[in-house]
Structure formats: structure tokens, C-alpha cells
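Everything below belongs to protein_16.txt, which stores compact mmCIF, C-alpha atoms.
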```
# COMPACT_ATOMS: atom_id res chain seq x y z
CA MET V 658 0.00 0.00 0.00
CA PRO V 659 1.55 3.35 -1.05
CA ASN V 660 2.29 5.63 1.87
CA ILE V 661 1.59 9.34 1.30
CA LEU V 662 2.84 12.04 3.64
CA ILE V 663 0.92 15.30 3.27
CA LEU V 664 2.80 18.27 4.74
CA SER V 665 0.84 21.47 5.11
CA GLY V 666 2.70 24.67 5.87
CA SER V 667 -0.53 26.64 6.16
CA PRO V 668 -1.81 27.96 9.49
CA ILE V 669 -5.39 27.60 8.21
CA ARG V 670 -7.09 24.25 8.76
CA GLY V 671 -9.20 23.17 5.83
CA GLY V 672 -8.02 26.02 3.63
CA SER V 673 -7.18 25.90 -0.07
CA THR V 674 -3.67 24.52 0.57
CA GLU V 675 -5.06 21.46 2.37
CA ILE V 676 -7.93 20.99 -0.07
CA ILE V 677 -5.56 20.82 -3.04
CA LEU V 678 -3.10 18.56 -1.23
CA GLU V 679 -5.86 16.11 -0.36
CA ARG V 680 -7.20 16.22 -3.90
CA ILE V 681 -3.78 15.19 -5.22
CA ALA V 682 -3.78 12.33 -2.70
CA ASP V 683 -7.22 11.28 -3.97
CA GLY V 684 -5.82 11.11 -7.49
CA ILE V 685 -2.95 8.91 -6.33
CA SER V 686 -5.33 6.50 -4.58
CA HIS V 687 -7.63 6.41 -7.60
CA SER V 688 -4.85 5.35 -9.97
CA SER V 689 -2.86 3.06 -7.68
CA ILE V 690 -3.18 -0.71 -7.64
CA GLN V 691 -4.04 -0.48 -3.94
CA PRO V 692 -5.70 2.42 -2.11
CA ALA V 693 -3.00 4.69 -0.77
CA GLU V 694 -2.64 5.38 2.93
CA SER V 695 -2.14 9.07 3.64
CA GLU V 696 -1.23 11.06 6.74
CA LEU V 697 -1.72 14.80 7.02
CA VAL V 698 0.85 16.70 9.09
CA ARG V 699 -0.07 20.29 9.87
CA LEU V 700 3.30 21.85 10.62
CA ASN V 701 1.60 24.72 12.43
CA ASP V 702 0.60 22.28 15.20
CA TYR V 703 4.21 21.42 16.14
CA GLN V 704 6.54 23.25 18.51
CA TYR V 705 10.21 22.81 17.63
CA LEU V 706 13.50 24.65 17.34
CA PRO V 707 14.72 26.31 14.18
CA CYS V 708 17.84 24.70 12.72
CA GLN V 709 20.83 25.52 14.92
CA SER V 710 23.45 24.87 12.20
CA CYS V 711 25.21 22.27 14.35
CA GLY V 712 27.60 21.24 11.60
CA GLU V 713 27.86 17.64 12.72
CA SER V 714 26.12 14.41 11.83
CA PRO V 715 23.35 13.39 14.24
CA GLU V 716 23.58 9.70 13.30
CA PRO V 717 22.05 7.34 14.21
CA ALA V 718 19.29 9.89 14.95
CA TRP V 719 17.91 12.17 12.26
CA CYS V 720 18.62 15.29 14.33
CA ILE V 721 20.53 16.15 17.48
CA PHE V 722 17.52 17.89 19.00
CA LYS V 723 14.64 15.81 20.34
CA ASP V 724 11.50 17.88 20.08
CA GLU V 725 8.00 17.61 18.65
CA ILE V 726 9.15 17.31 15.04
CA GLU V 727 11.13 14.11 15.69
CA PRO V 728 8.34 11.65 14.72
CA VAL V 729 7.78 13.54 11.45
CA TYR V 730 11.31 12.62 10.33
CA ASP V 731 10.35 8.94 10.38
CA LEU V 732 7.14 9.64 8.47
CA TYR V 733 9.13 11.60 5.90
CA VAL V 734 11.94 9.14 5.24
CA ASN V 735 9.59 6.13 5.13
CA SER V 736 6.99 7.67 2.82
CA ASP V 737 6.52 6.68 -0.81
CA VAL V 738 5.09 10.07 -1.76
CA VAL V 739 5.56 13.52 -0.22
CA LEU V 740 2.98 16.22 -0.94
CA PHE V 741 4.17 19.59 0.37
CA GLY V 742 1.93 22.65 0.40
CA SER V 743 2.42 26.23 1.52
CA PRO V 744 0.74 29.59 1.21
CA ILE V 745 2.83 32.34 -0.34
CA TYR V 746 3.94 34.97 2.17
CA PHE V 747 6.21 37.79 0.95
CA ASP V 748 6.90 35.83 -2.26
CA THR V 749 8.13 32.68 -0.53
CA VAL V 750 6.95 29.77 1.61
CA SER V 751 5.38 30.26 5.03
CA ALA V 752 7.48 30.33 8.20
CA GLN V 753 5.99 26.95 9.13
CA ALA V 754 7.14 25.40 5.86
CA LYS V 755 10.60 26.97 5.98
CA LEU V 756 11.17 25.89 9.58
CA PHE V 757 10.59 22.26 8.62
CA ILE V 758 12.74 22.54 5.50
CA ASP V 759 15.64 23.96 7.50
CA ARG V 760 15.36 21.24 10.15
CA CYS V 761 15.71 18.62 7.40
CA ASN V 762 19.18 19.89 6.49
CA CYS V 763 20.53 17.08 8.70
CA LEU V 764 19.02 14.45 6.38
CA LYS V 765 22.16 15.01 4.31
CA PRO V 766 24.70 15.82 7.06
CA ALA V 767 28.09 17.36 6.54
CA ASP V 768 31.10 15.04 6.59
CA PHE V 769 34.49 16.46 7.53
CA SER V 770 36.22 13.08 7.89
CA GLU V 771 38.17 12.83 4.64
CA ASN V 772 39.32 16.28 3.61
CA PRO V 773 39.36 19.87 4.88
CA GLU V 774 36.55 20.81 2.52
CA HIS V 775 33.50 18.96 3.73
CA HIS V 776 31.09 17.02 1.59
CA PHE V 777 27.73 15.53 2.48
CA LYS V 778 26.80 12.03 3.57
CA LYS V 779 24.05 10.30 1.67
CA ILE V 780 22.13 8.61 4.47
CA LEU V 781 18.74 8.54 2.74
CA THR V 782 18.49 5.36 0.71
CA LYS V 783 14.83 5.44 -0.31
CA LYS V 784 13.66 7.40 -3.33
CA ARG V 785 10.29 9.13 -3.07
CA LEU V 786 7.92 10.85 -5.45
CA GLY V 787 6.66 14.31 -4.62
CA ALA V 788 4.54 17.27 -5.63
CA MET V 789 3.99 20.75 -4.28
CA VAL V 790 1.03 23.06 -3.75
CA LEU V 791 1.41 26.83 -3.58
CA VAL V 792 -1.46 29.18 -2.76
CA GLY V 793 -1.21 32.95 -3.02
CA GLY V 794 -3.09 36.08 -3.87
CA GLU V 795 -3.94 37.14 -7.39
CA ARG V 796 -0.80 39.30 -7.75
CA GLN V 797 1.75 37.05 -6.07
CA ASP V 798 4.61 35.32 -7.86
CA ILE V 799 5.13 31.67 -6.95
CA GLU V 800 8.60 31.20 -8.44
CA CYS V 801 10.67 31.91 -5.34
CA ALA V 802 8.56 29.53 -3.23
CA ARG V 803 8.64 26.91 -5.97
CA LYS V 804 12.44 27.00 -6.02
CA VAL V 805 12.61 26.62 -2.23
CA ILE V 806 10.51 23.43 -2.20
CA ALA V 807 12.12 22.09 -5.38
CA GLY V 808 15.55 22.49 -3.78
CA PHE V 809 14.31 20.81 -0.62
CA PHE V 810 12.99 17.87 -2.65
CA LYS V 811 16.34 17.50 -4.39
CA TRP V 812 18.19 17.59 -1.05
CA THR V 813 15.99 14.85 0.41
CA GLU V 814 15.87 12.45 -2.55
CA VAL V 815 12.35 13.30 -3.75
CA GLU V 816 11.50 13.24 -7.46
CA ASN V 817 9.52 16.42 -8.15
CA CYS V 818 6.48 15.42 -10.21
CA GLY V 819 4.88 18.84 -10.46
CA CYS V 820 3.24 21.82 -8.83
CA VAL V 821 -0.34 23.03 -8.46
CA ALA V 822 -0.48 26.79 -7.99
CA TYR V 823 -3.69 28.53 -7.01
CA SER V 824 -4.45 32.25 -6.92
CA SER V 825 -6.90 32.70 -4.08
CA VAL V 826 -9.84 35.01 -4.64
CA GLY V 827 -10.71 37.15 -1.62
CA LEU V 828 -9.87 36.46 2.01
CA GLU V 829 -12.23 33.57 2.73
CA PRO V 830 -10.41 30.25 3.35
CA GLY V 831 -11.00 27.30 1.07
CA THR V 832 -12.14 29.13 -2.05
CA VAL V 833 -10.53 26.51 -4.28
CA ALA V 834 -13.42 24.21 -3.36
CA ASP V 835 -15.47 26.25 -5.84
CA ASP V 836 -12.90 25.93 -8.65
CA PRO V 837 -13.55 22.61 -10.43
CA ASP V 838 -10.80 23.17 -12.99
CA LYS V 839 -8.13 23.59 -10.30
CA LEU V 840 -9.43 20.56 -8.39
CA GLN V 841 -9.26 18.52 -11.59
CA GLU V 842 -5.69 19.74 -12.20
CA ALA V 843 -4.75 18.52 -8.72
CA PHE V 844 -6.49 15.17 -9.22
CA ALA V 845 -4.72 14.69 -12.57
CA LEU V 846 -1.34 15.34 -10.95
CA GLY V 847 -2.20 12.70 -8.37
CA GLN V 848 -3.07 10.25 -11.14
CA LYS V 849 0.28 10.94 -12.77
CA ILE V 850 2.06 10.15 -9.50
CA GLY V 851 -0.06 7.04 -9.00
CA SER V 852 0.91 5.80 -12.45
CA LYS V 853 4.59 6.23 -11.59
CA LEU V 854 4.06 4.22 -8.43
CA ILE V 855 2.53 1.40 -10.46
CA ILE V 856 5.48 1.13 -12.83
CA GLY V 857 7.94 1.39 -9.95
CA ARG V 858 9.60 4.67 -10.82
CA ILE V 859 10.68 5.36 -7.24
```
Kindly return the structure encoded in the file as C-alpha cells.
Amino acid sequence: MPNILILSGSPIRGGSTEIILERIADGISHSSIQPAESELVRLNDYQYLPCQSCGESPEPAWCIFKDEIEPVYDLYVNSDVVLFGSPIYFDTVSAQAKLFIDRCNCLKPADFSENPEHHFKKILTKKRLGAMVLVGGERQDIECARKVIAGFFKWTEVENCGCVAYSSVGLEPGTVADDPDKLQEAFALGQKIGSKLIIGRI
């Protein structure tokens, strides 16, 4: 059974970010051989330190610090699919999303053992598929936020399968629920990911 981790960097429960993320997950389940099992992690619900730039490998743990985000590391590294969504604040991802991204720096820790100029250990052995969701206002540019999550996916061995971007209309949460074309776009992206799972491209 495919294992989907849904990461929401939005502070709004049930808003457009979550609706689109869950619609992508529906598309994956619809096109998979077996129904996918998904878990939604609302990053806003967790209390944890920003990255402290320790500069050393935390092995065998994922991070030196033991706080509320620790169980999410296991969910992340053991997932088959990662769906990461964020609202756009000041042209980039939310503070909640960026905090998690920074704390995952240790998933490819620095290694100073062989030469003065460090390189990075590859301790993640499992490949994952992924997609991103970005929600902003009508005049916001998604490119900076897209690059942040795309870089994060590359760092953590996630194949980026695409992005659903939504320009929210007004200030009411969840307006994407009334946009059938955007919901279909999200579902289609999920189907694409589900097809890749079937043919084993992870």
C-alpha cells in the first residue's frame, strides 16, 4: 500500500492549501493498484526549534535535537510520496514550511572526515515521489517559493512530479473548493504520481 505524507505549511485548517493537497492524494489512490494510505501533518501544530546549524552528523538519529518534530522525520523518510503545500507569504513559503525545510538539512549531514573541505553524507536510501502546492493572492509570484521546495525535494531524494499553484480570490479560506478546474488539475497530478508508483519509478 503506497504511503503518502501530506505536509501542510498553512496555518489555516481546511483552507485551499489542504484541499488541493488532499485532492492530489485522492488522485494517487484512484490510480494506484491499492488504495493509498495518507497522513496529514499540519506543521503549524508542532513546537520545535529552528535549525541551529550544528555542523555535525546526528547519526544514528535524524537530528541532534529531540523535540516535537522528531516523529515527522520517520514519516518523511519512510513515505513513498511527499505532498508539500504552503501559502505564499512575501513571495516565498510560510514560516511553518521553511522551519521544517531547514530542520531537514541534517538528512544530508556534513562530513568532515576525509578532507578539509566537507562534503555531504548520503544517508537517505529510499527514493520518493513528490509534488507541491502553492497558494497565493492574485498578484503574487510563486517562483521563489517553488524554487525553495524544489531544492528541498532535491536535497531529500524526492522526485519532483509537479506543482499546483492557485491564486486565491478574496480572504475567505478554502475558495478553491469552488474551482472545479483547479481541483481537476490537482487530481490529474495525483493520477500521474499514482501511475509512476505502479510502474515502480521510485
Counting all atoms listed in the file, what is within 8 Å of Val815 of chain V, bar same-chain residues fewer than 5 positions away, as a compact mmCIF listing (two decimals) with C-alpha atoms, keeping the file's coordinate frame?
```
# COMPACT_ATOMS: atom_id res chain seq x y z
CA VAL V 739 5.56 13.52 -0.22
CA LYS V 784 13.66 7.40 -3.33
CA ARG V 785 10.29 9.13 -3.07
CA LEU V 786 7.92 10.85 -5.45
CA GLY V 787 6.66 14.31 -4.62
CA PHE V 810 12.99 17.87 -2.65
```
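Minimum atom-to-atom distance to Ile850 of chain V, evaluated using all atoms listed in the file, belongs to V:Cys820 out of V:Ile758, V:Leu764, V:Cys820, V:Val826.
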Please report the interatomic distance between atom CA of Ala693 of chain V and atom CA of Ile661 of chain V in Å with one decimal.
6.9 Å
Can you pull out every residue within 8 Å of Lys783 of chain V, counting only C-alpha atoms, but drop anything in the same chain fewer than 3 positions away, and send it as a list in words?
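Listed by chain and then number, they are Val734, Asn735 and Glu814 of chain V.
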Point out the residue among V:Ile721, V:Cys818, V:Met658, V:Val805 with the least atom-to-atom distance to Ala754 of chain V, counting all atoms listed in the file.
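Smallest separation from Ala754 of chain V among the options: V:Val805.
For Pro668 of chain V, the set of protein, DNA and RNA residues having any atom at most 9 Å away, when counting all atoms listed in the file and skipping those fewer than 5 positions along the same chain, is Arg699, Leu700, Asn701, Asp702, Pro744, Ser751 and Gln753 of chain V.
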For the structure just given, write the atoms of segment 764-811 of chain V, namely N, CA and C atoms, as a compact mmCIF listing (two decimals), in the first residue's frame.
```
# COMPACT_ATOMS: atom_id res chain seq x y z
N LEU V 764 19.26 15.70 7.12
CA LEU V 764 19.02 14.45 6.38
C LEU V 764 20.11 14.20 5.34
N LYS V 765 20.95 15.20 5.12
CA LYS V 765 22.16 15.01 4.31
C LYS V 765 23.28 15.73 5.06
N PRO V 766 23.77 15.11 6.16
CA PRO V 766 24.70 15.82 7.06
C PRO V 766 26.07 16.04 6.46
N ALA V 767 26.73 17.07 6.97
CA ALA V 767 28.09 17.36 6.54
C ALA V 767 29.05 16.29 7.03
N ASP V 768 30.08 16.04 6.24
CA ASP V 768 31.10 15.04 6.59
C ASP V 768 32.47 15.68 6.43
N PHE V 769 33.17 15.84 7.54
CA PHE V 769 34.49 16.46 7.53
C PHE V 769 35.61 15.41 7.66
N SER V 770 35.28 14.14 7.52
CA SER V 770 36.22 13.08 7.89
C SER V 770 37.37 12.88 6.92
N GLU V 771 37.18 13.22 5.63
CA GLU V 771 38.17 12.83 4.64
C GLU V 771 39.04 13.97 4.12
N ASN V 772 38.52 15.17 4.13
CA ASN V 772 39.32 16.28 3.61
C ASN V 772 38.88 17.58 4.27
N PRO V 773 39.70 18.61 4.21
CA PRO V 773 39.36 19.87 4.88
C PRO V 773 38.07 20.48 4.36
N GLU V 774 37.78 20.28 3.07
CA GLU V 774 36.55 20.81 2.52
C GLU V 774 35.49 19.74 2.60
N HIS V 775 34.48 20.01 3.43
CA HIS V 775 33.50 18.96 3.73
C HIS V 775 32.65 18.61 2.51
N HIS V 776 32.12 17.41 2.53
CA HIS V 776 31.09 17.02 1.59
C HIS V 776 29.93 16.50 2.42
N PHE V 777 28.93 15.92 1.77
CA PHE V 777 27.73 15.53 2.48
C PHE V 777 27.50 14.03 2.40
N LYS V 778 27.11 13.45 3.52
CA LYS V 778 26.80 12.03 3.57
C LYS V 778 25.43 11.77 2.95
N LYS V 779 25.34 10.69 2.22
CA LYS V 779 24.05 10.30 1.67
C LYS V 779 23.48 9.20 2.55
N ILE V 780 22.67 9.59 3.53
CA ILE V 780 22.13 8.61 4.47
C ILE V 780 20.69 8.21 4.13
N LEU V 781 20.07 8.93 3.20
CA LEU V 781 18.74 8.54 2.74
C LEU V 781 18.89 7.56 1.58
N THR V 782 18.34 6.39 1.74
CA THR V 782 18.49 5.36 0.71
C THR V 782 17.22 5.15 -0.10
N LYS V 783 16.10 5.66 0.37
CA LYS V 783 14.83 5.44 -0.31
C LYS V 783 14.46 6.63 -1.18
N LYS V 784 14.15 6.36 -2.43
CA LYS V 784 13.66 7.40 -3.33
C LYS V 784 12.16 7.59 -3.11
N ARG V 785 11.70 8.83 -3.22
CA ARG V 785 10.29 9.13 -3.07
C ARG V 785 9.83 10.00 -4.23
N LEU V 786 8.54 9.94 -4.50
CA LEU V 786 7.92 10.85 -5.45
C LEU V 786 7.33 12.02 -4.67
N GLY V 787 7.20 13.16 -5.33
CA GLY V 787 6.66 14.31 -4.62
C GLY V 787 5.98 15.31 -5.53
N ALA V 788 5.18 16.16 -4.92
CA ALA V 788 4.54 17.27 -5.63
C ALA V 788 4.34 18.40 -4.63
N MET V 789 4.16 19.59 -5.15
CA MET V 789 3.99 20.75 -4.28
C MET V 789 2.72 21.50 -4.61
N VAL V 790 2.21 22.21 -3.61
CA VAL V 790 1.03 23.06 -3.75
C VAL V 790 1.39 24.43 -3.21
N LEU V 791 1.12 25.46 -3.98
CA LEU V 791 1.41 26.83 -3.58
C LEU V 791 0.17 27.68 -3.78
N VAL V 792 -0.24 28.39 -2.73
CA VAL V 792 -1.46 29.18 -2.76
C VAL V 792 -1.13 30.62 -2.40
N GLY V 793 -1.49 31.53 -3.28
CA GLY V 793 -1.21 32.95 -3.02
C GLY V 793 -2.33 33.82 -3.51
N GLY V 794 -2.13 35.11 -3.37
CA GLY V 794 -3.09 36.08 -3.87
C GLY V 794 -2.98 36.23 -5.38
N GLU V 795 -3.87 37.01 -5.93
CA GLU V 795 -3.94 37.14 -7.39
C GLU V 795 -2.70 37.79 -7.98
N ARG V 796 -1.96 38.58 -7.21
CA ARG V 796 -0.80 39.30 -7.75
C ARG V 796 0.53 38.73 -7.28
N GLN V 797 0.50 37.59 -6.60
CA GLN V 797 1.75 37.05 -6.07
C GLN V 797 2.44 36.12 -7.06
N ASP V 798 3.76 36.15 -7.01
CA ASP V 798 4.61 35.32 -7.86
C ASP V 798 5.02 34.08 -7.08
N ILE V 799 4.84 32.91 -7.67
CA ILE V 799 5.13 31.67 -6.95
C ILE V 799 6.57 31.20 -7.13
N GLU V 800 7.34 31.80 -8.03
CA GLU V 800 8.60 31.20 -8.44
C GLU V 800 9.61 31.03 -7.30
N CYS V 801 9.72 32.01 -6.44
CA CYS V 801 10.67 31.91 -5.34
C CYS V 801 10.29 30.74 -4.43
N ALA V 802 9.02 30.63 -4.09
CA ALA V 802 8.56 29.53 -3.23
C ALA V 802 8.74 28.19 -3.93
N ARG V 803 8.47 28.16 -5.22
CA ARG V 803 8.64 26.91 -5.97
C ARG V 803 10.09 26.44 -5.92
N LYS V 804 11.02 27.36 -6.07
CA LYS V 804 12.44 27.00 -6.02
C LYS V 804 12.84 26.48 -4.65
N VAL V 805 12.28 27.06 -3.59
CA VAL V 805 12.61 26.62 -2.23
C VAL V 805 12.21 25.15 -2.04
N ILE V 806 10.97 24.81 -2.40
CA ILE V 806 10.51 23.43 -2.20
C ILE V 806 11.19 22.48 -3.18
N ALA V 807 11.42 22.94 -4.41
CA ALA V 807 12.12 22.09 -5.38
C ALA V 807 13.53 21.75 -4.89
N GLY V 808 14.22 22.74 -4.33
CA GLY V 808 15.55 22.49 -3.78
C GLY V 808 15.51 21.55 -2.60
N PHE V 809 14.49 21.70 -1.77
CA PHE V 809 14.31 20.81 -0.62
C PHE V 809 14.06 19.38 -1.10
N PHE V 810 13.23 19.21 -2.10
CA PHE V 810 12.99 17.87 -2.65
C PHE V 810 14.29 17.25 -3.15
N LYS V 811 15.07 18.02 -3.87
CA LYS V 811 16.34 17.50 -4.39
C LYS V 811 17.26 17.08 -3.26
```
